[in-house]
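Trainee: Sharing a structure below in structure tokens format, with a few things to ask.
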Amino acid sequence: MNALVEFEARKLVDLLGRGDLLSVQMFMDSMSMPFDVQDKLLNELASLKNPDQNAIAALIESHGNSLLSEYLGY
């Protein structure tokens with residue numbers, strides 16, 4: 001995972017912890033994430049019992065535009 005995905009995941013964990021869903025959507029918009037992807041991601045975030053940084057980073061990466069995972073497993 002790259003540093004950008006880790007930052008985005010940390011920020012989303014913080015915003016979700018505050019319960020500020022409007023800020024979550026505004027942050028995802030600032031990530032230049034398409035609206036349909038935002039909706040899918042929000043639904044998946046809502047289904048997480050414990051939204052930690054690693055789980056959210058994996059979700060962000062799974063909805064990214066890249067076809068290759070950036071996690072190399074080192």
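Within each chain, counting starts at residue 1; across the structure tokens, chains are named A, B, ... in the order shown, with ligands numbered 1 upward in that order.
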Quick one: residues within 12 Å of Asp39 (chain A), only C-alpha atoms counted, chain neighbours fewer than 3 positions away excluded, as a VMD selection string?

Mentor: chain A and resid 21 24 to 25 28 to 29 33 to 36 42 to 46 63

Trainee: Include N, CA, C and O atoms and write out the residues we just selected as a CSV table (one decimal), in the first residue's frame.

Mentor:
```
chain,number,residue,atom,x,y,z
A,21,LEU,N,-20.5,11.9,8.7
A,21,LEU,CA,-20.7,11.4,7.4
A,21,LEU,C,-20.6,12.4,6.3
A,21,LEU,O,-20.1,12.1,5.2
A,24,VAL,N,-17.0,12.8,5.6
A,24,VAL,CA,-16.5,11.6,4.9
A,24,VAL,C,-16.8,11.7,3.4
A,24,VAL,O,-15.9,11.5,2.6
A,25,GLN,N,-18.0,12.1,3.1
A,25,GLN,CA,-18.3,12.3,1.6
A,25,GLN,C,-17.5,13.4,1.0
A,25,GLN,O,-17.0,13.3,-0.1
A,28,MET,N,-14.0,12.1,0.4
A,28,MET,CA,-13.9,11.2,-0.7
A,28,MET,C,-14.1,12.0,-2.0
A,28,MET,O,-13.4,11.7,-3.0
A,29,ASP,N,-14.8,13.1,-2.0
A,29,ASP,CA,-14.9,13.9,-3.2
A,29,ASP,C,-13.6,14.6,-3.5
A,29,ASP,O,-13.2,14.7,-4.6
A,33,MET,N,-12.8,10.8,-6.2
A,33,MET,CA,-13.5,9.6,-6.3
A,33,MET,C,-14.8,9.8,-7.0
A,33,MET,O,-15.6,10.6,-6.5
A,34,PRO,N,-15.2,9.0,-8.0
A,34,PRO,CA,-16.5,9.1,-8.6
A,34,PRO,C,-17.6,8.8,-7.7
A,34,PRO,O,-17.4,8.1,-6.7
A,35,PHE,N,-18.7,9.5,-7.9
A,35,PHE,CA,-19.9,9.3,-7.0
A,35,PHE,C,-20.4,7.9,-6.8
A,35,PHE,O,-20.7,7.5,-5.7
A,36,ASP,N,-20.4,7.1,-7.9
A,36,ASP,CA,-20.8,5.7,-7.8
A,36,ASP,C,-19.8,4.9,-6.9
A,36,ASP,O,-20.3,4.1,-6.1
A,42,LEU,N,-19.0,3.7,0.8
A,42,LEU,CA,-19.8,4.0,2.0
A,42,LEU,C,-20.6,2.8,2.5
A,42,LEU,O,-20.6,2.5,3.7
A,43,ASN,N,-21.2,2.1,1.5
A,43,ASN,CA,-21.9,0.9,1.9
A,43,ASN,C,-21.0,-0.2,2.5
A,43,ASN,O,-21.4,-0.8,3.5
A,44,GLU,N,-19.8,-0.4,1.9
A,44,GLU,CA,-18.9,-1.3,2.5
A,44,GLU,C,-18.3,-0.9,3.8
A,44,GLU,O,-18.1,-1.7,4.7
A,45,LEU,N,-18.1,0.4,4.0
A,45,LEU,CA,-17.6,1.0,5.3
A,45,LEU,C,-18.7,0.7,6.4
A,45,LEU,O,-18.3,0.4,7.5
A,46,ALA,N,-19.9,0.9,6.0
A,46,ALA,CA,-21.0,0.7,7.0
A,46,ALA,C,-21.1,-0.7,7.4
A,46,ALA,O,-21.6,-1.0,8.5
A,63,HIS,N,-11.2,-0.4,-4.8
A,63,HIS,CA,-12.0,0.5,-5.7
A,63,HIS,C,-11.2,1.5,-6.5
A,63,HIS,O,-11.8,2.4,-7.1
```

Trainee: Applying 12 Å and only C-alpha atoms, which residues near Asp14 (chain A) remain after dropping the ones on its own chain fewer than 2 positions away? List them as a ChimeraX atom specification.

Mentor: /A:7-12,16-21,23-24,27,51-53,56

Trainee: Using DSSP assignments from the backbone, pull out every residue in chain A that falls under helix (DSSP H, G or I) and give it to me as number ranges by chain.

Mentor: A: 3-18, 21-30, 35-47, 53-62

Trainee: When you draw a straight line from CA of Lys49 (chain A) to CA of Leu15 (chain A), how long is it in Å?

Mentor: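 Between CA of Lys49 (chain A) and CA of Leu15 (chain A) the gap is 15.6 Å.
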
Trainee: Excluding Glu6 (chain A) and its own-chain neighbours fewer than 6 positions away, which residues fall within 12 Å of it when counting only C-alpha atoms? Please give them as a PyMOL selection string.

Mentor: chain A and resi 12-13+52-61+70-71
